[in-house]
>>> print(open('work_4.csv').read())   # CSV, C-alpha atoms and all ligand atoms
chain,number,residue,atom,x,y,z
A,1,MET,CA,0.0,0.0,0.0
A,2,ASN,CA,1.4,3.4,-0.9
A,3,LEU,CA,-0.4,6.1,1.0
A,4,THR,CA,1.9,8.9,0.0
A,5,THR,CA,0.2,12.2,-0.6
A,6,GLN,CA,1.1,15.7,-1.9
A,7,TYR,CA,0.2,18.6,0.3
A,8,LEU,CA,1.4,22.2,-0.1
A,9,GLY,CA,4.0,20.9,-2.5
A,10,MET,CA,5.3,18.5,0.2
A,11,LYS,CA,5.4,14.8,-0.1
A,12,LEU,CA,3.7,13.2,2.9
A,13,ARG,CA,3.7,9.6,3.9
A,14,ASN,CA,-0.1,9.5,4.1
A,15,PRO,CA,-3.1,11.9,4.1
A,16,LEU,CA,-3.6,12.1,7.8
A,17,ILE,CA,-2.5,15.2,9.7
A,18,ALA,CA,-2.9,16.1,13.4
A,19,SER,CA,-4.5,19.6,13.3
A,20,ALA,CA,-3.7,22.5,15.6
A,21,SER,CA,-4.6,21.9,19.3
A,22,PRO,CA,-2.9,21.7,22.7
A,23,LEU,CA,-2.2,18.0,21.8
A,24,THR,CA,0.4,19.1,19.2
A,25,GLY,CA,2.1,21.6,21.6
A,26,THR,CA,4.6,19.3,23.2
A,27,LEU,CA,7.7,17.6,21.8
A,28,ASP,CA,6.7,14.3,23.4
A,29,ASN,CA,3.3,14.3,21.7
A,30,ILE,CA,4.8,15.3,18.4
A,31,ARG,CA,7.2,12.4,18.5
A,32,ARG,CA,4.4,10.0,19.5
A,33,LEU,CA,2.1,11.3,16.7
A,34,GLU,CA,5.0,10.6,14.3
A,35,ASP,CA,5.4,7.1,15.7
A,36,TYR,CA,1.7,6.4,15.4
A,37,GLY,CA,1.8,7.4,11.7
A,38,ALA,CA,0.7,11.1,11.5
A,39,ALA,CA,1.9,12.5,8.2
A,40,ALA,CA,2.5,16.0,9.6
A,41,VAL,CA,1.6,18.0,12.7
A,42,VAL,CA,0.1,21.5,12.9
A,43,LEU,CA,1.2,23.2,16.1
A,44,PRO,CA,-1.3,25.1,18.2
A,45,SER,CA,-1.7,28.6,17.1
A,46,ILE,CA,0.3,31.6,18.2
A,47,PHE,CA,-2.1,34.6,18.2
A,48,GLU,CA,-1.7,38.1,16.8
A,49,GLU,CA,-2.7,39.4,20.2
A,50,GLN,CA,0.2,37.5,21.9
A,51,ILE,CA,2.8,38.7,19.4
A,52,GLU,CA,1.6,42.3,19.5
A,53,ARG,CA,1.4,42.3,23.3
A,54,GLU,CA,4.9,41.1,23.6
A,55,GLU,CA,6.1,43.8,21.1
A,56,GLU,CA,4.2,46.5,23.2
A,57,LEU,CA,5.9,45.3,26.4
A,58,LEU,CA,9.3,45.4,24.8
A,59,ASP,CA,8.7,48.8,23.4
A,60,ALA,CA,7.6,50.1,26.8
A,61,LEU,CA,10.8,48.6,28.3
A,62,MET,CA,13.1,50.0,25.7
A,63,THR,CA,11.7,53.5,26.0
A,64,SER,CA,11.7,53.6,29.8
A,65,GLY,CA,15.4,54.0,30.2
A,66,VAL,CA,16.3,50.5,31.2
A,67,ASP,CA,19.9,49.9,30.3
A,68,SER,CA,20.1,46.3,29.5
A,69,PHE,CA,17.5,44.2,27.7
A,70,GLY,CA,18.3,41.1,29.8
A,71,GLU,CA,17.8,43.1,33.0
A,72,ALA,CA,14.7,44.6,31.5
A,73,LEU,CA,13.1,41.3,31.1
A,74,THR,CA,13.4,40.6,34.8
A,75,TYR,CA,11.2,43.7,35.4
A,76,LEU,CA,8.3,42.2,33.4
A,77,PRO,CA,5.2,42.0,35.6
A,78,ALA,CA,4.3,38.5,36.6
A,79,SER,CA,0.9,38.8,35.0
A,80,ALA,CA,2.6,39.3,31.6
A,81,ALA,CA,2.4,35.6,30.9
A,82,TYR,CA,2.5,36.3,27.1
A,83,SER,CA,5.8,38.1,27.3
A,84,HIS,CA,8.0,35.2,26.4
A,85,SER,CA,5.5,33.3,24.3
A,86,THR,CA,6.9,34.0,20.8
A,87,SER,CA,10.4,32.8,21.7
A,88,ARG,CA,8.9,29.8,23.4
A,89,TYR,CA,6.8,29.1,20.3
A,90,THR,CA,9.8,29.4,18.1
A,91,ASP,CA,11.8,27.1,20.4
A,92,ILE,CA,9.1,24.4,20.0
A,93,VAL,CA,9.1,24.8,16.2
A,94,ASN,CA,12.9,24.5,16.2
A,95,ALA,CA,13.0,21.5,18.6
A,96,ALA,CA,10.2,19.7,16.8
A,97,ALA,CA,11.7,20.2,13.4
A,98,LYS,CA,14.9,18.6,14.7
A,99,ALA,CA,13.2,15.8,16.6
A,100,VAL,CA,11.0,14.4,13.9
A,101,ASP,CA,11.1,13.7,10.2
A,102,ILE,CA,7.5,14.7,9.4
A,103,PRO,CA,6.7,18.3,8.5
A,104,ILE,CA,6.0,20.7,11.3
A,105,ILE,CA,3.4,23.3,10.3
A,106,ALA,CA,3.4,26.3,12.5
A,107,SER,CA,0.0,28.1,13.0
A,108,LEU,CA,-0.3,31.8,12.9
A,109,ASN,CA,-3.7,33.1,14.0
A,110,GLY,CA,-4.7,36.7,13.4
A,111,ILE,CA,-7.0,39.2,11.7
A,112,THR,CA,-4.9,42.1,10.6
A,113,SER,CA,-2.0,42.6,8.2
A,114,HIS,CA,0.0,44.7,10.7
A,115,GLY,CA,3.6,44.2,12.0
A,116,TRP,CA,2.9,40.9,13.8
A,117,ILE,CA,3.1,39.2,10.5
A,118,ASP,CA,6.9,39.7,10.5
A,119,TYR,CA,7.0,36.9,13.1
A,120,ALA,CA,6.2,34.5,10.3
A,121,ARG,CA,9.8,34.9,9.2
A,122,GLN,CA,11.1,33.7,12.6
A,123,LEU,CA,8.9,30.6,12.3
A,124,GLU,CA,10.4,29.9,8.9
A,125,MET,CA,13.9,30.3,10.3
A,126,ALA,CA,13.1,28.1,13.2
A,127,GLY,CA,12.5,25.2,10.8
A,128,ALA,CA,8.7,25.2,10.1
A,129,SER,CA,8.1,23.3,6.9
A,130,ALA,CA,5.0,25.4,6.2
A,131,LEU,CA,2.6,27.9,7.8
A,132,GLU,CA,-1.1,27.6,8.5
A,133,LEU,CA,-2.6,31.0,8.6
A,134,ASN,CA,-5.8,30.9,10.7
A,135,ILE,CA,-8.0,33.9,10.0
A,136,TYR,CA,-10.8,33.9,12.6
A,137,PHE,CA,-12.5,37.2,12.0
A,138,ILE,CA,-16.1,37.9,13.2
A,139,PRO,CA,-17.3,40.8,11.0
A,140,SER,CA,-19.6,42.3,13.7
A,141,ASP,CA,-19.3,45.9,12.4
A,142,PRO,CA,-22.4,46.6,10.2
A,143,ALA,CA,-20.4,49.1,8.2
A,144,LEU,CA,-18.1,46.4,6.9
A,145,SER,CA,-19.2,45.0,3.6
A,146,GLY,CA,-18.6,41.5,2.3
A,147,ARG,CA,-16.0,42.9,0.0
A,148,ASP,CA,-14.2,44.6,2.9
A,149,VAL,CA,-14.0,41.3,4.7
A,150,GLU,CA,-12.7,39.4,1.7
A,151,MET,CA,-10.0,42.1,1.1
A,152,ARG,CA,-8.9,41.7,4.7
A,153,TYR,CA,-8.3,38.0,4.2
A,154,LEU,CA,-6.4,38.6,0.9
A,155,GLU,CA,-4.3,41.3,2.4
A,156,ILE,CA,-3.3,39.2,5.4
A,157,LEU,CA,-2.4,36.3,3.1
A,158,LYS,CA,-0.4,38.5,0.7
A,159,SER,CA,1.5,40.0,3.7
A,160,VAL,CA,2.5,36.6,5.0
A,161,LYS,CA,3.4,35.3,1.5
A,162,ALA,CA,5.6,38.4,1.1
A,163,THR,CA,7.4,37.5,4.3
A,164,VAL,CA,8.2,33.8,3.9
A,165,ARG,CA,9.2,31.3,1.2
A,166,ILE,CA,7.7,28.2,2.8
A,167,PRO,CA,4.2,27.2,1.7
A,168,VAL,CA,1.3,28.9,3.4
A,169,ALA,CA,-2.1,27.3,3.9
A,170,VAL,CA,-5.1,29.4,4.9
A,171,LYS,CA,-7.6,28.1,7.4
A,172,ILE,CA,-10.9,29.8,6.9
A,173,GLY,CA,-14.5,29.5,8.0
A,174,PRO,CA,-17.5,28.8,5.7
A,175,TYR,CA,-19.3,32.1,6.2
A,176,PHE,CA,-18.7,34.0,2.9
A,177,SER,CA,-21.5,34.9,0.6
A,178,ALA,CA,-19.5,33.2,-2.2
A,179,PRO,CA,-17.2,30.7,-0.7
A,180,SER,CA,-16.0,29.4,-4.1
A,181,HIS,CA,-15.1,32.8,-5.3
A,182,MET,CA,-13.3,33.5,-2.0
A,183,ALA,CA,-11.4,30.3,-2.4
A,184,MET,CA,-10.4,31.2,-5.9
A,185,GLN,CA,-9.3,34.7,-4.8
A,186,LEU,CA,-7.1,33.1,-2.0
A,187,ASP,CA,-5.7,30.7,-4.6
A,188,GLN,CA,-4.8,33.6,-6.9
A,189,ALA,CA,-3.3,35.5,-4.0
A,190,GLY,CA,-0.9,32.7,-3.5
A,191,ALA,CA,-2.4,30.4,-1.0
A,192,ASP,CA,-0.7,27.0,-1.3
A,193,GLY,CA,-3.5,25.3,0.5
A,194,LEU,CA,-7.0,25.9,2.0
A,195,VAL,CA,-8.0,24.3,5.3
A,196,LEU,CA,-11.7,23.9,5.4
A,197,PHE,CA,-13.2,24.8,7.8
A,198,ASN,CA,-12.4,26.6,11.0
A,199,ARG,CA,-15.0,25.7,13.6
A,200,PHE,CA,-16.6,28.8,15.0
A,201,TYR,CA,-17.1,28.6,18.7
A,202,GLN,CA,-20.2,30.5,19.5
A,203,PRO,CA,-20.8,31.5,23.1
A,204,ASP,CA,-23.7,30.1,25.1
A,205,ILE,CA,-25.5,32.0,27.9
A,206,ASP,CA,-25.3,30.8,31.4
A,207,LEU,CA,-28.7,31.5,32.9
A,208,GLU,CA,-27.5,31.3,36.5
A,209,LYS,CA,-24.5,33.6,36.3
A,210,LEU,CA,-26.0,35.7,33.4
A,211,ALA,CA,-22.7,35.5,31.7
A,212,LEU,CA,-21.5,34.2,28.4
A,213,ASN,CA,-20.3,30.6,28.5
A,214,PHE,CA,-17.3,29.6,26.4
A,215,GLU,CA,-17.3,25.9,26.9
A,216,LEU,CA,-15.7,24.0,24.0
A,217,LYS,CA,-17.5,21.0,22.7
A,218,LEU,CA,-15.6,18.5,20.6
A,219,SER,CA,-16.9,17.9,17.1
A,220,SER,CA,-19.1,15.1,16.0
A,221,PRO,CA,-18.9,13.4,12.6
A,222,TYR,CA,-22.1,15.1,11.5
A,223,GLU,CA,-20.2,18.4,11.4
A,224,MET,CA,-18.0,17.2,8.6
A,225,ARG,CA,-20.8,17.7,6.1
A,226,LEU,CA,-20.2,21.4,5.6
A,227,SER,CA,-16.5,20.9,4.8
A,228,LEU,CA,-17.4,17.8,2.7
A,229,LEU,CA,-19.8,19.9,0.6
A,230,TRP,CA,-17.3,22.7,-0.1
A,231,ILE,CA,-14.3,20.4,-0.7
A,232,GLY,CA,-16.5,18.4,-3.1
A,233,ILE,CA,-17.4,21.7,-4.9
A,234,LEU,CA,-13.8,23.1,-5.0
A,235,ALA,CA,-12.0,19.9,-5.9
A,236,GLY,CA,-10.4,20.3,-9.3
A,237,GLN,CA,-11.3,24.0,-9.5
A,238,ILE,CA,-8.4,25.6,-7.8
A,239,LYS,CA,-4.6,25.0,-7.7
A,240,ALA,CA,-4.2,25.2,-3.9
A,241,SER,CA,-4.2,21.9,-1.9
A,242,LEU,CA,-7.4,21.2,0.0
A,243,ALA,CA,-7.2,20.1,3.6
A,244,ALA,CA,-10.3,18.9,5.4
A,245,THR,CA,-10.8,19.7,9.1
A,246,SER,CA,-13.9,18.9,11.2
A,247,GLY,CA,-15.7,15.9,12.3
A,248,VAL,CA,-13.3,13.1,11.5
A,249,ASP,CA,-13.9,10.2,13.9
A,250,SER,CA,-12.9,7.2,11.9
A,251,GLY,CA,-11.2,5.9,8.8
A,252,ASP,CA,-14.6,6.1,7.0
A,253,ASP,CA,-14.7,9.9,7.5
A,254,VAL,CA,-11.2,10.2,6.1
A,255,ILE,CA,-12.3,8.1,3.1
A,256,LYS,CA,-15.3,10.4,2.5
A,257,TYR,CA,-13.2,13.5,2.5
A,258,LEU,CA,-10.7,11.9,0.1
A,259,LEU,CA,-13.6,10.9,-2.2
A,260,ALA,CA,-14.8,14.5,-2.1
A,261,GLY,CA,-11.4,15.6,-3.2
A,262,ALA,CA,-9.3,16.5,-0.1
A,263,ASN,CA,-5.6,16.2,-0.5
A,264,VAL,CA,-5.2,15.6,3.2
A,265,VAL,CA,-7.5,15.2,6.2
A,266,MET,CA,-6.9,16.6,9.7
A,267,THR,CA,-8.1,15.4,13.0
A,268,THR,CA,-8.1,16.8,16.6
A,269,SER,CA,-11.4,15.9,18.4
A,270,ALA,CA,-10.9,12.2,17.7
A,271,LEU,CA,-7.4,12.2,19.2
A,272,LEU,CA,-8.7,14.1,22.2
A,273,LYS,CA,-11.4,11.5,22.7
A,274,HIS,CA,-9.6,8.3,21.8
A,275,GLY,CA,-5.9,9.2,22.5
A,276,LEU,CA,-2.9,9.6,20.2
A,277,PRO,CA,-2.7,5.9,19.2
A,278,TYR,CA,-6.0,6.4,17.4
A,279,VAL,CA,-4.0,7.9,14.5
A,280,ARG,CA,-2.8,4.3,13.8
A,281,THR,CA,-6.4,3.0,14.0
A,282,ILE,CA,-7.7,5.6,11.5
A,283,LEU,CA,-4.8,4.8,9.1
A,284,ASP,CA,-5.5,1.0,9.5
A,285,GLN,CA,-9.2,1.6,8.7
A,286,LEU,CA,-8.2,3.6,5.6
A,287,GLU,CA,-5.8,0.8,4.4
A,288,THR,CA,-8.3,-1.9,5.1
A,289,TRP,CA,-11.0,-0.1,3.0
A,290,LEU,CA,-8.7,0.5,0.1
A,291,ASP,CA,-7.3,-3.0,0.3
A,292,ALA,CA,-10.8,-4.6,0.2
A,293,ARG,CA,-11.4,-2.8,-3.1
A,294,GLY,CA,-8.0,-3.8,-4.6
A,295,LEU,CA,-6.8,-0.2,-4.4
A,296,ASP,CA,-3.2,0.5,-3.4
A,297,SER,CA,-3.3,4.2,-3.1
A,298,PRO,CA,-5.6,7.0,-2.0
A,299,ASP,CA,-5.0,8.6,-5.3
A,300,HIS,CA,-7.4,6.1,-6.8
A,301,ILE,CA,-10.3,7.6,-4.8
A,302,ARG,CA,-9.3,11.2,-4.4
A,303,GLY,CA,-12.0,13.4,-5.9
A,304,ARG,CA,-14.1,10.5,-7.3
A,305,MET,CA,-17.2,11.9,-5.6
A,306,SER,CA,-16.4,15.5,-6.2
A,307,GLN,CA,-18.9,17.7,-8.0
A,308,ARG,CA,-16.9,17.5,-11.2
A,309,ALA,CA,-16.6,13.8,-11.1
A,310,ILE,CA,-20.2,12.6,-10.4
A,311,PRO,CA,-22.8,12.1,-13.1
A,312,ASP,CA,-25.2,14.4,-11.3
A,313,PRO,CA,-23.3,17.6,-10.3
A,314,ALA,CA,-26.6,19.3,-9.3
A,315,SER,CA,-26.6,17.0,-6.2
A,316,TYR,CA,-24.0,19.3,-4.7
A,317,GLN,CA,-26.3,22.3,-5.1
A,318,ARG,CA,-30.0,23.0,-4.6
A,319,ALA,CA,-31.0,19.5,-5.6
A,320,ASN,CA,-29.2,18.3,-2.6
A,321,TYR,CA,-31.3,20.5,-0.4
A,322,ILE,CA,-34.6,19.5,-1.9
A,323,LYS,CA,-33.7,15.8,-1.9
A,324,THR,CA,-32.5,16.0,1.7
A,325,LEU,CA,-35.8,17.6,2.8
A,326,GLN,CA,-37.8,15.0,0.9
A,327,SER,CA,-35.7,12.2,2.4
A,328,TYR,CA,-37.1,12.7,5.9
A,329,PRO,CA,-39.4,9.7,6.6
A,330,LYS,CA,-43.1,10.6,6.5
A,331,SER,CA,-45.0,9.8,9.7
B,401,LIG,C1,-9.0,22.1,22.4
B,401,LIG,C2,-8.8,22.6,20.9
B,401,LIG,C3,-7.9,23.6,20.6
B,401,LIG,C4,-7.7,24.0,19.3
B,401,LIG,N1,-6.7,25.0,19.0
B,401,LIG,C5,-6.6,25.4,17.8
B,401,LIG,C6,-5.6,26.4,17.5
B,401,LIG,O1,-4.8,26.8,18.3
B,401,LIG,N2,-5.5,26.8,16.2
B,401,LIG,C7,-6.4,26.3,15.2
B,401,LIG,O2,-6.2,26.7,14.0
B,401,LIG,N3,-7.3,25.4,15.5
B,401,LIG,C8,-7.4,25.0,16.7
B,401,LIG,N4,-8.4,24.0,17.0
B,401,LIG,C9,-9.3,23.5,15.9
B,401,LIG,C10,-8.8,22.2,15.4
B,401,LIG,O3,-7.5,22.4,14.8
B,401,LIG,C11,-9.8,21.7,14.3
B,401,LIG,O4,-9.7,22.5,13.2
B,401,LIG,C12,-11.2,21.6,14.8
B,401,LIG,O5,-11.2,21.0,16.1
B,401,LIG,C13,-12.0,20.7,13.9
B,401,LIG,O6,-11.5,19.4,13.8
B,401,LIG,P1,-12.0,18.1,14.6
B,401,LIG,O7,-13.4,18.0,14.3
B,401,LIG,O8,-11.1,17.0,14.1
B,401,LIG,O9,-11.7,18.4,16.0
B,401,LIG,C14,-8.5,23.5,18.3
B,401,LIG,C15,-9.5,22.6,18.6
B,401,LIG,C16,-9.6,22.1,19.9
B,401,LIG,C17,-10.7,21.0,20.2
>>> encode(input="work_4.csv", output="structure tokens", more="lines below")
Ligand SMILES: Cc1cc2nc3c(=O)[nH]c(=O)nc-3n(C[C@H](O)[C@H](O)[C@H](O)COP(=O)(O)O)c2cc1C
Amino acid sequence: MNLTTQYLGMKLRNPLIASASPLTGTLDNIRRLEDYGAAAVVLPSIFEEQIEREEELLDALMTSGVDSFGEALTYLPASAAYSHSTSRYTDIVNAAAKAVDIPIIASLNGITSHGWIDYARQLEMAGASALELNIYFIPSDPALSGRDVEMRYLEILKSVKATVRIPVAVKIGPYFSAPSHMAMQLDQAGADGLVLFNRFYQPDIDLEKLALNFELKLSSPYEMRLSLLWIGILAGQIKASLAATSGVDSGDDVIKYLLAGANVVMTTSALLKHGLPYVRTILDQLETWLDARGLDSPDHIRGRMSQRAIPDPASYQRANYIKTLQSYPKS
């Protein structure tokens, strides 16, 4: 069986990647993920807010007449937990890149194209094989138009692309009025890959405390349908690689994403639920499925159920909606 897969111009040993989460934030876990078969690891994000905060603190120190930078750091208030985070993050990238043979993808998370983006260069120098740029922007300002929002994404991507030479994937949400057009624009702006989709974590309301509640629920396989739909529509239409994220809980889910046209499939919730060795289980399930059909590579199935490949492309559009409504059993 040859599971090798191309993603962001890199040759991976298979199509399964551990997506960004605290699980991928320690060297020990990254080594174990490699041992269990993960093809690459996306580190947890470093946030624009962290980078900017650190820069502000350093600026304040440099302008307050402190002689030595080393000394100055000792004056940082204890609450400034973020103050060393960028160097720590770069250290992890560096150590991980040395410790394992699989690609280490660093994750930059932000919503502006300001100075924080220079930090991308440090990640490249530290040994990141690629960057995943997570743009998690909630356009709450009624004055912002859809076009304004799209331009923001494109500007951030262009700024990062102008800063590094390593490939850059963009992790986006599904909430654009024209997701295909947005994907095409990102493709044309130089995105090497699109990661579909960011899960948006909407707050709940705690009725006792009358406060917003930010509890994180892990995903369920049903949630993969949105990514599956858009990967199925985009497959074969853009140059950028397609990475699926959301809802993978078994090898079957990976197979569905590959059939829709994903180059690679990412997983987090399943590993949080079942543990890191579950990477091997998912890969075994994928191999068993392919083997049972006499197939020796995921290339034989990639995109076979995409909109462009199926005899009835309308099933990916309104027909899907109507058929779905009609499929509900009559009482
Ligand atoms: C606890 C937790 C932390 C996460 N942290 C990040 C992060 O730092 N950056 C990011 O891009 N995605 C982050 N994610 C999102 C995952 O990478 C993934 O896209 C999402 O969970 C959907 O995939 P899944 O259904 O396999 O969990 C996180 C998810 C979880 C559950």
>>> closest_residue(input="work_4.csv", among="A:Ala126, A:Met224, A:Leu16, A:Ala191", to="ligand LIG 401 (chain B)", atoms="all atoms listed in the file")
A:Met224
>>> closest_residue(input="work_4.csv", among="A:Gly247, A:Gly127, A:Pro167, A:Gly275", to="ligand LIG 401 (chain B)", atoms="only C-alpha atoms and all ligand atoms")
A:Gly247
>>> residues_near_ligand(input="work_4.csv", ligand="ligand LIG 401 (chain B)", cutoff="10 Å", atoms="only C-alpha atoms and all ligand atoms", output="PyMOL selection string")
chain A and resi 17-25+42-47+106-109+132-136+170-173+195-201+216-224+244-249+265-273
>>> write_last_selection(input="work_4.csv", atoms="C-alpha atoms", output="short mmCIF file (atom, residue, chain, number, x, y, z; two decimals), in the frame of the given file")
data_model
loop_
_atom_site.label_atom_id
_atom_site.label_comp_id
_atom_site.auth_asym_id
_atom_site.auth_seq_id
_atom_site.Cartn_x
_atom_site.Cartn_y
_atom_site.Cartn_z
CA ILE A 17 -2.50 15.20 9.70
CA ALA A 18 -2.90 16.10 13.40
CA SER A 19 -4.50 19.60 13.30
CA ALA A 20 -3.70 22.50 15.60
CA SER A 21 -4.60 21.90 19.30
CA PRO A 22 -2.90 21.70 22.70
CA LEU A 23 -2.20 18.00 21.80
CA THR A 24 0.40 19.10 19.20
CA GLY A 25 2.10 21.60 21.60
CA VAL A 42 0.10 21.50 12.90
CA LEU A 43 1.20 23.20 16.10
CA PRO A 44 -1.30 25.10 18.20
CA SER A 45 -1.70 28.60 17.10
CA ILE A 46 0.30 31.60 18.20
CA PHE A 47 -2.10 34.60 18.20
CA ALA A 106 3.40 26.30 12.50
CA SER A 107 0.00 28.10 13.00
CA LEU A 108 -0.30 31.80 12.90
CA ASN A 109 -3.70 33.10 14.00
CA GLU A 132 -1.10 27.60 8.50
CA LEU A 133 -2.60 31.00 8.60
CA ASN A 134 -5.80 30.90 10.70
CA ILE A 135 -8.00 33.90 10.00
CA TYR A 136 -10.80 33.90 12.60
CA VAL A 170 -5.10 29.40 4.90
CA LYS A 171 -7.60 28.10 7.40
CA ILE A 172 -10.90 29.80 6.90
CA GLY A 173 -14.50 29.50 8.00
CA VAL A 195 -8.00 24.30 5.30
CA LEU A 196 -11.70 23.90 5.40
CA PHE A 197 -13.20 24.80 7.80
CA ASN A 198 -12.40 26.60 11.00
CA ARG A 199 -15.00 25.70 13.60
CA PHE A 200 -16.60 28.80 15.00
CA TYR A 201 -17.10 28.60 18.70
CA LEU A 216 -15.70 24.00 24.00
CA LYS A 217 -17.50 21.00 22.70
CA LEU A 218 -15.60 18.50 20.60
CA SER A 219 -16.90 17.90 17.10
CA SER A 220 -19.10 15.10 16.00
CA PRO A 221 -18.90 13.40 12.60
CA TYR A 222 -22.10 15.10 11.50
CA GLU A 223 -20.20 18.40 11.40
CA MET A 224 -18.00 17.20 8.60
CA ALA A 244 -10.30 18.90 5.40
CA THR A 245 -10.80 19.70 9.10
CA SER A 246 -13.90 18.90 11.20
CA GLY A 247 -15.70 15.90 12.30
CA VAL A 248 -13.30 13.10 11.50
CA ASP A 249 -13.90 10.20 13.90
CA VAL A 265 -7.50 15.20 6.20
CA MET A 266 -6.90 16.60 9.70
CA THR A 267 -8.10 15.40 13.00
CA THR A 268 -8.10 16.80 16.60
CA SER A 269 -11.40 15.90 18.40
CA ALA A 270 -10.90 12.20 17.70
CA LEU A 271 -7.40 12.20 19.20
CA LEU A 272 -8.70 14.10 22.20
CA LYS A 273 -11.40 11.50 22.70
#
>>> closest_residue(input="work_4.csv", among="A:Leu259, A:Val168, A:Ala130, A:Ile117", to="Glu49 of chain A", atoms="all atoms listed in the file")
A:Ile117
>>> residues_around(input="work_4.csv", residues="Thr163 of chain A", least_positions_apart="2", cutoff="9 Å", atoms="all atoms listed in the file", output="short mmCIF file (atom, residue, chain, number, x, y, z; two decimals) with C-alpha atoms, in the coordinates of the input")
data_model
loop_
_atom_site.label_atom_id
_atom_site.label_comp_id
_atom_site.auth_asym_id
_atom_site.auth_seq_id
_atom_site.Cartn_x
_atom_site.Cartn_y
_atom_site.Cartn_z
CA ILE A 117 3.10 39.20 10.50
CA ASP A 118 6.90 39.70 10.50
CA TYR A 119 7.00 36.90 13.10
CA ALA A 120 6.20 34.50 10.30
CA ARG A 121 9.80 34.90 9.20
CA LYS A 158 -0.40 38.50 0.70
CA SER A 159 1.50 40.00 3.70
CA VAL A 160 2.50 36.60 5.00
CA LYS A 161 3.40 35.30 1.50
CA ARG A 165 9.20 31.30 1.20
#
>>> residues_near_point(input="work_4.csv", point="(5.2, 12.0, -0.2)", cutoff="12 Å", atoms="all atoms listed in the file", output="ChimeraX atom specification")
/A:2-16,39-40,102-103,263-264,297,299
>>> closest_residue(input="work_4.csv", among="A:Leu131, A:Leu154, A:Leu286, A:Leu229", to="Gly251 of chain A", atoms="all atoms listed in the file")
A:Leu286
>>> atom_distance(input="work_4.csv", atom1="atom CA of His300 of chain A", atom2="atom CA of Ile255 of chain A")
11.2 Å
>>> closest_residue(input="work_4.csv", among="A:Gly146, A:Gly193, A:Gly261, A:Pro203", to="Ala235 of chain A", atoms="all atoms listed in the file")
A:Gly261
>>> atom_distance(input="work_4.csv", atom1="atom CA of Arg225 of chain A", atom2="atom CA of Asp253 of chain A")
10.0 Å
>>> atom_distance(input="work_4.csv", atom1="atom CA of Tyr257 of chain A", atom2="atom CA of Leu228 of chain A")
6.0 Å
>>> residues_around(input="work_4.csv", residues="Gln50 of chain A", least_positions_apart="2", cutoff="8 Å", atoms="only C-alpha atoms", output="ChimeraX atom specification")
/A:46-48,52-54,82-83,85-86
>>> closest_residue(input="work_4.csv", among="A:Pro142, A:Val100, A:Asn320, A:Glu150", to="Ala178 of chain A", atoms="only C-alpha atoms")
A:Glu150
